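Here's the structure, in structure tokens; my notes come after.
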Amino acid sequence: MTLIVGGAYQNKRAFAMERFGLVPEDFCDCQVSEPDCSKRVLCHLEQYVLRCVREGRDEAALLDEPSLGGKILIFDDISCGVVPLDAETRAWRERSGRLAAALAQRADEVWRVFFGFGERLK
């Protein structure tokens, strides 16, 4: 598994497409749907976590998905900046960070993308 993280609008998707030879059909956008592990790439996993927070589900169930091996996961880093005032956004931020950390531990490769440039962390 490969994990790509970075701030919003840092060209993580474009980086993944170029680095791994992907086409748009390879992507599942978790901003608009549940993770579809038949796709090669799951992007916007932080939005999946937000849905889990709102619906009272455990996002960590994704870690039990046997088909995550070989996938490319793209996660917006929402952990920086001012701590949110409302409980839901704080929970989203914390749970997103915990899921990203667990995925990073399991990943074969971890990339951080700044302005479209990738830095391999693992």
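Chain labels A, B, ... are given in the sequence in which chains occur in the structure tokens; within each chain residues are numbered consecutively from 1, and ligands are likewise numbered from 1 in the order shown.
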List every residue of region 33-90 of chain A that has an atom at most 10 Å from any atom of region 22-26 of chain A, and for each one report the closest atom pair and its distance in Å to one decimal, counting only C-alpha atoms, with rows sorted by chain and then by increasing residue number, as a tab-separated table.
residue	atom	partner	partner_atom	distance
A:Ser38	CA	A:Asp26	CA	9.1
A:Lys39	CA	A:Asp26	CA	5.5
A:Arg40	CA	A:Asp26	CA	5.2
A:Val41	CA	A:Asp26	CA	5.9
A:Leu42	CA	A:Asp26	CA	8.7
A:Ile72	CA	A:Asp26	CA	9.8
Within 8 Å of region 83-93 of chain A using only C-alpha atoms, minus same-chain residues under 3 positions, as a list in words: Val49, Leu50, Val53, Arg54, Ile78, Ser79, Ser96 and Gly97 of chain A
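Comparing A:Gly6, A:Leu68, A:Gly21, A:Met1 by their smallest distance to Gly118 (chain A), the closest is A:Gly6 (using only C-alpha atoms).
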Give me the residues within 12 Å of Leu103 (chain A) as a PyMOL selection string, counting only C-alpha atoms and dropping any in the same chain fewer than 4 places off. chain A and resi 1-5+45+59-65+68-69+71-75+96-99+107-110+122
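Computed from the coordinates, the CA of Ala100 (chain A) to CA of Ala8 (chain A) distance equals 15.0 Å.
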As an MDAnalysis selection string, please: every residue in region 2-121 of chain A that DSSP puts in alpha helix (DSSP H). chainID A and resid 12:20 45:55 87:106
Between CA of Pro35 (chain A) and CA of Ala16 (chain A) - distance in Å to one decimal: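 Going from CA of Ala16 (chain A) over to CA of Pro35 (chain A), I get 17.5 Å.
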Among A:Arg95, A:Arg106, A:Val82, A:Phe117, Arg57 (chain A) is approached most closely, using only C-alpha atoms, by A:Arg95
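In this model, the gap between CA of Glu94 (chain A) and CA of Met17 (chain A) comes to 28.5 Å.
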